[in-house]
file start15.pdb (PDB, C-alpha atoms)
ATOM      1  CA  MET U 253       0.000   0.000   0.000  1.00  0.00           C
ATOM      2  CA  TYR U 254       2.788   2.454   0.949  1.00  0.00           C
ATOM      3  CA  ARG U 255       4.574   1.848  -2.369  1.00  0.00           C
ATOM      4  CA  ASN U 256       1.342   2.363  -4.298  1.00  0.00           C
ATOM      5  CA  VAL U 257       0.649   5.697  -2.606  1.00  0.00           C
ATOM      6  CA  LEU U 258       4.224   6.848  -3.257  1.00  0.00           C
ATOM      7  CA  LEU U 259       4.067   5.722  -6.879  1.00  0.00           C
ATOM      8  CA  TRP U 260       0.681   7.396  -7.357  1.00  0.00           C
ATOM      9  CA  LEU U 261       1.990  10.703  -5.933  1.00  0.00           C
ATOM     10  CA  HIS U 262       5.136  10.362  -8.051  1.00  0.00           C
ATOM     11  CA  ILE U 263       3.064   9.920 -11.214  1.00  0.00           C
ATOM     12  CA  VAL U 264       0.795  12.835 -10.256  1.00  0.00           C
ATOM     13  CA  GLY U 265       3.881  15.061  -9.810  1.00  0.00           C
ATOM     14  CA  VAL U 266       5.279  14.064 -13.201  1.00  0.00           C
ATOM     15  CA  ALA U 267       1.861  14.565 -14.806  1.00  0.00           C
ATOM     16  CA  ALA U 268       1.698  18.066 -13.298  1.00  0.00           C
ATOM     17  CA  TRP U 269       5.153  18.901 -14.687  1.00  0.00           C
ATOM     18  CA  LEU U 270       4.710  17.369 -18.128  1.00  0.00           C
ATOM     19  CA  GLY U 271       1.107  18.503 -18.486  1.00  0.00           C
ATOM     20  CA  CYS U 272       2.029  22.106 -17.785  1.00  0.00           C
ATOM     21  CA  ASN U 273       4.866  21.916 -20.320  1.00  0.00           C
ATOM     22  CA  LEU U 274       2.502  20.626 -22.989  1.00  0.00           C
ATOM     23  CA  ALA U 275      -0.096  23.276 -22.130  1.00  0.00           C
ATOM     24  CA  LEU U 276       2.563  25.987 -22.512  1.00  0.00           C
ATOM     25  CA  PHE U 277       3.312  24.798 -26.052  1.00  0.00           C
ATOM     26  CA  VAL U 278      -0.356  25.280 -26.941  1.00  0.00           C
ATOM     27  CA  LEU U 279      -1.106  28.423 -24.950  1.00  0.00           C
ATOM     28  CA  SER U 280       2.018  30.508 -25.654  1.00  0.00           C
ATOM     29  CA  PRO U 281       1.246  31.251 -29.316  1.00  0.00           C
ATOM     30  CA  TRP U 282      -2.459  31.648 -28.535  1.00  0.00           C
ATOM     31  CA  PHE U 283      -1.786  34.332 -25.900  1.00  0.00           C
ATOM     32  CA  ALA U 284       0.851  36.011 -28.078  1.00  0.00           C
ATOM     33  CA  ARG U 285      -1.833  36.677 -30.718  1.00  0.00           C
ATOM     34  CA  ARG U 286      -4.042  38.473 -28.175  1.00  0.00           C
ATOM     35  CA  GLY U 287      -1.996  41.674 -28.054  1.00  0.00           C
ATOM     36  CA  ALA U 288       0.931  43.019 -26.068  1.00  0.00           C
ATOM     37  CA  ALA U 289      -0.852  43.468 -22.726  1.00  0.00           C
ATOM     38  CA  VAL U 290      -2.259  39.931 -22.758  1.00  0.00           C
ATOM     39  CA  ALA U 291       1.043  38.456 -23.930  1.00  0.00           C
ATOM     40  CA  ALA U 292       2.870  40.326 -21.153  1.00  0.00           C
ATOM     41  CA  ALA U 293       0.443  38.987 -18.532  1.00  0.00           C
ATOM     42  CA  PHE U 294       0.925  35.462 -19.856  1.00  0.00           C
ATOM     43  CA  ALA U 295       4.716  35.875 -19.726  1.00  0.00           C
ATOM     44  CA  GLU U 296       4.380  36.934 -16.083  1.00  0.00           C
ATOM     45  CA  ALA U 297       2.236  33.867 -15.463  1.00  0.00           C
ATOM     46  CA  THR U 298       4.969  31.647 -16.893  1.00  0.00           C
ATOM     47  CA  THR U 299       7.410  33.257 -14.475  1.00  0.00           C
ATOM     48  CA  TYR U 300       5.031  32.377 -11.649  1.00  0.00           C
ATOM     49  CA  LEU U 301       4.878  28.797 -12.911  1.00  0.00           C
ATOM     50  CA  ALA U 302       8.677  28.640 -13.104  1.00  0.00           C
ATOM     51  CA  THR U 303       9.150  29.917  -9.557  1.00  0.00           C
ATOM     52  CA  ARG U 304       6.216  28.287  -7.738  1.00  0.00           C
ATOM     53  CA  TYR U 305       4.261  25.629  -9.612  1.00  0.00           C
ATOM     54  CA  TYR U 306       7.195  23.661 -11.032  1.00  0.00           C
ATOM     55  CA  ASN U 307       8.951  23.822  -7.649  1.00  0.00           C
ATOM     56  CA  ALA U 308       5.945  22.138  -6.044  1.00  0.00           C
ATOM     57  CA  ALA U 309       5.662  19.520  -8.792  1.00  0.00           C
ATOM     58  CA  GLY U 310       9.405  18.863  -8.718  1.00  0.00           C
ATOM     59  CA  GLY U 311       9.340  18.644  -4.934  1.00  0.00           C
ATOM     60  CA  VAL U 312       6.629  15.985  -5.042  1.00  0.00           C
ATOM     61  CA  VAL U 313       8.535  14.074  -7.731  1.00  0.00           C
ATOM     62  CA  GLY U 314      11.824  14.318  -5.837  1.00  0.00           C
ATOM     63  CA  VAL U 315      10.549  13.359  -2.390  1.00  0.00           C
ATOM     64  CA  THR U 316       8.421  10.482  -3.631  1.00  0.00           C
ATOM     65  CA  GLY U 317      11.216   9.298  -5.924  1.00  0.00           C
ATOM     66  CA  VAL U 318      13.714   9.149  -3.073  1.00  0.00           C
ATOM     67  CA  LEU U 319      11.197   7.375  -0.846  1.00  0.00           C
ATOM     68  CA  LEU U 320      10.439   4.886  -3.618  1.00  0.00           C
ATOM     69  CA  VAL U 321      14.131   4.057  -4.061  1.00  0.00           C
ATOM     70  CA  VAL U 322      14.567   3.604  -0.316  1.00  0.00           C
ATOM     71  CA  HIS U 323      11.398   1.504  -0.015  1.00  0.00           C
ATOM     72  CA  THR U 324      11.963  -0.726  -3.050  1.00  0.00           C
ATOM     73  CA  GLY U 325      15.678  -1.255  -2.505  1.00  0.00           C
ATOM     74  CA  TYR U 326      16.836  -0.257  -5.976  1.00  0.00           C
ATOM     75  CA  ALA U 327      20.461   0.831  -6.076  1.00  0.00           C
ATOM     76  CA  TRP U 328      21.173   4.548  -6.288  1.00  0.00           C
ATOM     77  CA  HIS U 329      23.479   3.827  -9.242  1.00  0.00           C
ATOM     78  CA  SER U 330      20.686   2.248 -11.304  1.00  0.00           C
ATOM     79  CA  ALA U 331      20.441   4.178 -14.573  1.00  0.00           C
ATOM     80  CA  PHE U 332      16.758   5.021 -14.114  1.00  0.00           C
ATOM     81  CA  VAL U 333      17.409   6.398 -10.610  1.00  0.00           C
ATOM     82  CA  ILE U 334      20.281   8.545 -11.889  1.00  0.00           C
ATOM     83  CA  ALA U 335      18.052   9.762 -14.735  1.00  0.00           C
ATOM     84  CA  GLY U 336      15.385  10.716 -12.203  1.00  0.00           C
ATOM     85  CA  LEU U 337      17.817  12.702 -10.097  1.00  0.00           C
ATOM     86  CA  ALA U 338      19.302  14.335 -13.201  1.00  0.00           C
ATOM     87  CA  VAL U 339      15.924  15.504 -14.513  1.00  0.00           C
ATOM     88  CA  LEU U 340      15.254  17.252 -11.196  1.00  0.00           C
ATOM     89  CA  VAL U 341      18.578  19.087 -11.437  1.00  0.00           C
ATOM     90  CA  VAL U 342      18.031  20.003 -15.096  1.00  0.00           C
ATOM     91  CA  GLY U 343      14.469  21.152 -14.445  1.00  0.00           C
ATOM     92  CA  ALA U 344      15.453  23.262 -11.451  1.00  0.00           C
ATOM     93  CA  ALA U 345      18.379  24.821 -13.325  1.00  0.00           C
ATOM     94  CA  LEU U 346      16.219  25.663 -16.332  1.00  0.00           C
ATOM     95  CA  GLY U 347      13.599  27.231 -14.077  1.00  0.00           C
ATOM     96  CA  VAL U 348      16.126  29.467 -12.324  1.00  0.00           C
ATOM     97  CA  VAL U 349      18.430  30.253 -15.254  1.00  0.00           C
ATOM     98  CA  VAL U 350      16.048  30.293 -18.228  1.00  0.00           C
ATOM     99  CA  PHE U 351      12.309  30.253 -17.584  1.00  0.00           C
ATOM    100  CA  ALA U 352      11.916  32.737 -14.723  1.00  0.00           C
ATOM    101  CA  PRO U 353      14.248  35.425 -16.109  1.00  0.00           C
ATOM    102  CA  SER U 354      13.004  34.921 -19.671  1.00  0.00           C
ATOM    103  CA  GLY U 355       9.393  35.288 -18.542  1.00  0.00           C
ATOM    104  CA  ARG U 356      10.184  38.591 -16.823  1.00  0.00           C
ATOM    105  CA  ALA U 357      12.175  39.840 -19.816  1.00  0.00           C
ATOM    106  CA  LEU U 358       9.449  38.732 -22.233  1.00  0.00           C
ATOM    107  CA  ALA U 359       6.779  40.599 -20.256  1.00  0.00           C
ATOM    108  CA  THR U 360       8.933  43.733 -20.380  1.00  0.00           C
ATOM    109  CA  ALA U 361       9.563  43.335 -24.113  1.00  0.00           C
ATOM    110  CA  HIS U 362       5.825  43.056 -24.784  1.00  0.00           C
ATOM    111  CA  ARG U 363       5.025  46.091 -22.640  1.00  0.00           C
ATOM    112  CA  ASP U 364       7.803  48.146 -24.257  1.00  0.00           C
ATOM    113  CA  GLY U 365       6.712  47.227 -27.780  1.00  0.00           C
ATOM    114  CA  ASP U 366      10.025  45.446 -28.456  1.00  0.00           C
ATOM    115  CA  VAL U 367       8.707  43.074 -31.106  1.00  0.00           C
ATOM    116  CA  GLU U 368      12.128  41.679 -32.056  1.00  0.00           C
ATOM    117  CA  GLY U 369      13.105  41.140 -28.422  1.00  0.00           C
ATOM    118  CA  ALA U 370       9.791  39.398 -27.739  1.00  0.00           C
ATOM    119  CA  ARG U 371      10.269  37.182 -30.798  1.00  0.00           C
ATOM    120  CA  ARG U 372      13.806  36.245 -29.736  1.00  0.00           C
ATOM    121  CA  LEU U 373      12.801  35.512 -26.131  1.00  0.00           C
ATOM    122  CA  THR U 374       9.762  33.502 -27.230  1.00  0.00           C
ATOM    123  CA  ALA U 375      11.929  31.345 -29.512  1.00  0.00           C
ATOM    124  CA  ARG U 376      14.547  30.875 -26.783  1.00  0.00           C
ATOM    125  CA  THR U 377      11.929  29.883 -24.221  1.00  0.00           C
ATOM    126  CA  ALA U 378      10.241  27.471 -26.631  1.00  0.00           C
ATOM    127  CA  SER U 379      13.602  25.819 -27.377  1.00  0.00           C
ATOM    128  CA  PHE U 380      14.341  25.271 -23.700  1.00  0.00           C
ATOM    129  CA  LEU U 381      10.766  24.119 -23.087  1.00  0.00           C
ATOM    130  CA  LEU U 382      11.329  21.489 -25.779  1.00  0.00           C
ATOM    131  CA  VAL U 383      14.551  20.399 -24.054  1.00  0.00           C
ATOM    132  CA  ASP U 384      12.829  20.191 -20.669  1.00  0.00           C
ATOM    133  CA  THR U 385       9.862  18.271 -22.086  1.00  0.00           C
ATOM    134  CA  THR U 386      12.132  15.823 -23.905  1.00  0.00           C
ATOM    135  CA  VAL U 387      14.212  15.193 -20.791  1.00  0.00           C
ATOM    136  CA  VAL U 388      11.077  14.568 -18.700  1.00  0.00           C
ATOM    137  CA  MET U 389       9.621  12.212 -21.323  1.00  0.00           C
ATOM    138  CA  VAL U 390      12.861  10.234 -21.695  1.00  0.00           C
ATOM    139  CA  THR U 391      13.122   9.993 -17.909  1.00  0.00           C
ATOM    140  CA  ALA U 392       9.544   8.704 -17.734  1.00  0.00           C
ATOM    141  CA  LEU U 393      10.533   6.016 -20.249  1.00  0.00           C
ATOM    142  CA  ALA U 394      13.598   5.179 -18.141  1.00  0.00           C
ATOM    143  CA  MET U 395      11.350   4.793 -15.085  1.00  0.00           C
ATOM    144  CA  VAL U 396       8.806   2.578 -16.829  1.00  0.00           C
ATOM    145  CA  ALA U 397      11.525   0.369 -18.321  1.00  0.00           C
ATOM    146  CA  ARG U 398      13.663   0.580 -15.153  1.00  0.00           C
ATOM    147  CA  TRP U 399      16.802   1.138 -17.187  1.00  0.00           C
ATOM    148  CA  ARG U 400      19.736  -0.814 -15.766  1.00  0.00           C
ATOM    149  CA  ALA U 401      17.907  -1.514 -12.522  1.00  0.00           C
ATOM    150  CA  ARG U 402      20.044  -2.934  -9.754  1.00  0.00           C
TER     151      ARG U 402
END
call {"tool": "encode", "arguments": {"input": "start15.pdb", "output": "structure tokens"}}
result
Amino acid sequence: MYRNVLLWLHIVGVAAWLGCNLALFVLSPWFARRGAAVAAAFAEATTYLATRYYNAAGGVVGVTGVLLVVHTGYAWHSAFVIAGLAVLVVGAALGVVVFAPSGRALATAHRDGDVEGARRLTARTASFLLVDTTVVMVTALAMVARWRAR
């Protein structure tokens, strides 16, 4: 029962992370077409997601992942465990270094009428969102297949 609850919470955390990423791919261009003020508000919302929402989702994933490894007895050097720890580090780094500052800068660019700056920041953010999404999806595959489990 304990393992099932941990696994369920772990999956919910990953779903929150991945689902938000996929929603951002759909919503970003939609909000960008709604005018500068709306696009700026959406960019601020993405900053909020980067600094609050993803931290909560990542925290759930990290805590439950560690507890699952301890409970199930898998070795910390199993490839799927290392992948899980790595995705948390990559996700946190991208949030701090890319997504939060880019969201703030993008909101400013929209408000200042800097069309070229907004275009550049939007492309940069989308590229890193693709990287983050790919890393999460590959890690989910590693978990399901229990790559090099020990």
call {"tool": "closest_residue", "arguments": {"input": "start15.pdb", "among": "U:Thr316, U:Gly343, U:Tyr306, U:His329", "to": "Thr385 in chain U", "atoms": "all atoms listed in the file"}}
result
U:Gly343
call {"tool": "resolve_selection", "arguments": {"input": "start15.pdb", "expression": "the PyMOL selection byres ((chain U and resi 260-273) around 7)", "output": "ChimeraX atom specification"}}
result
/U:256-259,274-277,306,309-310,312-313,316-317,381,385,388
call {"tool": "write_last_selection", "arguments": {"input": "start15.pdb", "atoms": "C-alpha atoms", "output": "PDB file, in the frame of the given file"}}
result
ATOM      1  CA  ASN U 256       1.342   2.363  -4.298  1.00  0.00           C
ATOM      2  CA  VAL U 257       0.649   5.697  -2.606  1.00  0.00           C
ATOM      3  CA  LEU U 258       4.224   6.848  -3.257  1.00  0.00           C
ATOM      4  CA  LEU U 259       4.067   5.722  -6.879  1.00  0.00           C
ATOM      5  CA  LEU U 274       2.502  20.626 -22.989  1.00  0.00           C
ATOM      6  CA  ALA U 275      -0.096  23.276 -22.130  1.00  0.00           C
ATOM      7  CA  LEU U 276       2.563  25.987 -22.512  1.00  0.00           C
ATOM      8  CA  PHE U 277       3.312  24.798 -26.052  1.00  0.00           C
ATOM      9  CA  TYR U 306       7.195  23.661 -11.032  1.00  0.00           C
ATOM     10  CA  ALA U 309       5.662  19.520  -8.792  1.00  0.00           C
ATOM     11  CA  GLY U 310       9.405  18.863  -8.718  1.00  0.00           C
ATOM     12  CA  VAL U 312       6.629  15.985  -5.042  1.00  0.00           C
ATOM     13  CA  VAL U 313       8.535  14.074  -7.731  1.00  0.00           C
ATOM     14  CA  THR U 316       8.421  10.482  -3.631  1.00  0.00           C
ATOM     15  CA  GLY U 317      11.216   9.298  -5.924  1.00  0.00           C
ATOM     16  CA  LEU U 381      10.766  24.119 -23.087  1.00  0.00           C
ATOM     17  CA  THR U 385       9.862  18.271 -22.086  1.00  0.00           C
ATOM     18  CA  VAL U 388      11.077  14.568 -18.700  1.00  0.00           C
TER      19      VAL U 388
END
call {"tool": "residues_around", "arguments": {"input": "start15.pdb", "residues": "range 363-368 of chain U", "least_positions_apart": "3", "cutoff": "10 Å", "atoms": "only C-alpha atoms", "output": "PyMOL selection string"}}
result
chain U and resi 287-293+357-360+371-374
call {"tool": "atom_distance", "arguments": {"input": "start15.pdb", "atom1": "CA of Arg398 in chain U", "atom2": "CA of Leu340 in chain U"}}
result
17.2 Å
call {"tool": "atom_distance", "arguments": {"input": "start15.pdb", "atom1": "CA of Ala295 in chain U", "atom2": "CA of Ser280 in chain U"}}
result
8.4 Å
call {"tool": "axis_aligned_box", "arguments": {"input": "start15.pdb", "around": "range 337-344 of chain U", "padding_each_side": "3 Å", "output": "JSON"}}
result
{"center_x": 16.9, "center_y": 18.0, "center_z": -12.6, "size_x": 10.8, "size_y": 16.6, "size_z": 11.0}
call {"tool": "atom_distance", "arguments": {"input": "start15.pdb", "atom1": "CA of Leu337 in chain U", "atom2": "CA of Tyr254 in chain U"}}
result
21.3 Å
call {"tool": "closest_residue", "arguments": {"input": "start15.pdb", "among": "U:Ala297, U:Met395, U:Val315, U:Ile334", "to": "Leu279 in chain U", "atoms": "only C-alpha atoms"}}
result
U:Ala297
call {"tool": "closest_residue", "arguments": {"input": "start15.pdb", "among": "U:Thr298, U:Asn307, U:Ser379, U:Thr324", "to": "Ala352 in chain U", "atoms": "all atoms listed in the file"}}
result
U:Thr298
call {"tool": "closest_residue", "arguments": {"input": "start15.pdb", "among": "U:Trp328, U:Trp282, U:Phe294, U:Phe351", "to": "Arg376 in chain U", "atoms": "all atoms listed in the file"}}
result
U:Phe351
call {"tool": "closest_residue", "arguments": {"input": "start15.pdb", "among": "U:Val278, U:Val396, U:Leu382, U:Met253", "to": "Phe332 in chain U", "atoms": "only C-alpha atoms"}}
result
U:Val396
call {"tool": "closest_residue", "arguments": {"input": "start15.pdb", "among": "U:Tyr305, U:Arg400, U:Arg255, U:Val390", "to": "Ala331 in chain U", "atoms": "all atoms listed in the file"}}
result
U:Arg400
call {"tool": "residues_around", "arguments": {"input": "start15.pdb", "residues": "Ala327 in chain U", "least_positions_apart": "3", "cutoff": "9 Å", "atoms": "only C-alpha atoms", "output": "PyMOL selection string"}}
result
chain U and resi 321-322+330+333+401-402
call {"tool": "build_atoms", "arguments": {"input": "start15.pdb", "residues": "range 288-302 of chain U", "atoms": "N, CA and C atoms", "output": "mmCIF file, in the frame of the given file"}}
result
data_model
loop_
_atom_site.group_PDB
_atom_site.id
_atom_site.type_symbol
_atom_site.label_atom_id
_atom_site.label_comp_id
_atom_site.auth_asym_id
_atom_site.auth_seq_id
_atom_site.Cartn_x
_atom_site.Cartn_y
_atom_site.Cartn_z
ATOM 1 N N ALA U 288 -0.240 42.860 -26.939
ATOM 2 C CA ALA U 288 0.931 43.019 -26.068
ATOM 3 C C ALA U 288 0.588 42.892 -24.584
ATOM 4 N N ALA U 289 -0.506 43.506 -24.151
ATOM 5 C CA ALA U 289 -0.852 43.468 -22.726
ATOM 6 C C ALA U 289 -1.171 42.040 -22.279
ATOM 7 N N VAL U 290 -1.903 41.312 -23.091
ATOM 8 C CA VAL U 290 -2.259 39.931 -22.758
ATOM 9 C C VAL U 290 -1.010 39.044 -22.801
ATOM 10 N N ALA U 291 -0.193 39.231 -23.820
ATOM 11 C CA ALA U 291 1.043 38.456 -23.930
ATOM 12 C C ALA U 291 1.968 38.734 -22.751
ATOM 13 N N ALA U 292 2.036 39.982 -22.312
ATOM 14 C CA ALA U 292 2.870 40.326 -21.153
ATOM 15 C C ALA U 292 2.344 39.649 -19.892
ATOM 16 N N ALA U 293 1.036 39.651 -19.703
ATOM 17 C CA ALA U 293 0.443 38.987 -18.532
ATOM 18 C C ALA U 293 0.714 37.486 -18.568
ATOM 19 N N PHE U 294 0.639 36.891 -19.745
ATOM 20 C CA PHE U 294 0.925 35.462 -19.856
ATOM 21 C C PHE U 294 2.395 35.189 -19.557
ATOM 22 N N ALA U 295 3.289 36.046 -20.024
ATOM 23 C CA ALA U 295 4.716 35.875 -19.726
ATOM 24 C C ALA U 295 4.959 35.951 -18.224
ATOM 25 N N GLU U 296 4.264 36.860 -17.545
ATOM 26 C CA GLU U 296 4.380 36.934 -16.083
ATOM 27 C C GLU U 296 3.853 35.656 -15.437
ATOM 28 N N ALA U 297 2.785 35.113 -15.991
ATOM 29 C CA ALA U 297 2.236 33.867 -15.463
ATOM 30 C C ALA U 297 3.238 32.721 -15.614
ATOM 31 N N THR U 298 3.972 32.700 -16.715
ATOM 32 C CA THR U 298 4.969 31.647 -16.893
ATOM 33 C C THR U 298 6.104 31.803 -15.885
ATOM 34 N N THR U 299 6.411 33.027 -15.518
ATOM 35 C CA THR U 299 7.410 33.257 -14.475
ATOM 36 C C THR U 299 6.905 32.700 -13.142
ATOM 37 N N TYR U 300 5.637 32.934 -12.862
ATOM 38 C CA TYR U 300 5.031 32.377 -11.649
ATOM 39 C C TYR U 300 5.116 30.853 -11.670
ATOM 40 N N LEU U 301 4.785 30.252 -12.798
ATOM 41 C CA LEU U 301 4.878 28.797 -12.911
ATOM 42 C C LEU U 301 6.306 28.325 -12.666
ATOM 43 N N ALA U 302 7.274 29.038 -13.239
ATOM 44 C CA ALA U 302 8.677 28.640 -13.104
ATOM 45 C C ALA U 302 9.173 28.749 -11.668
#
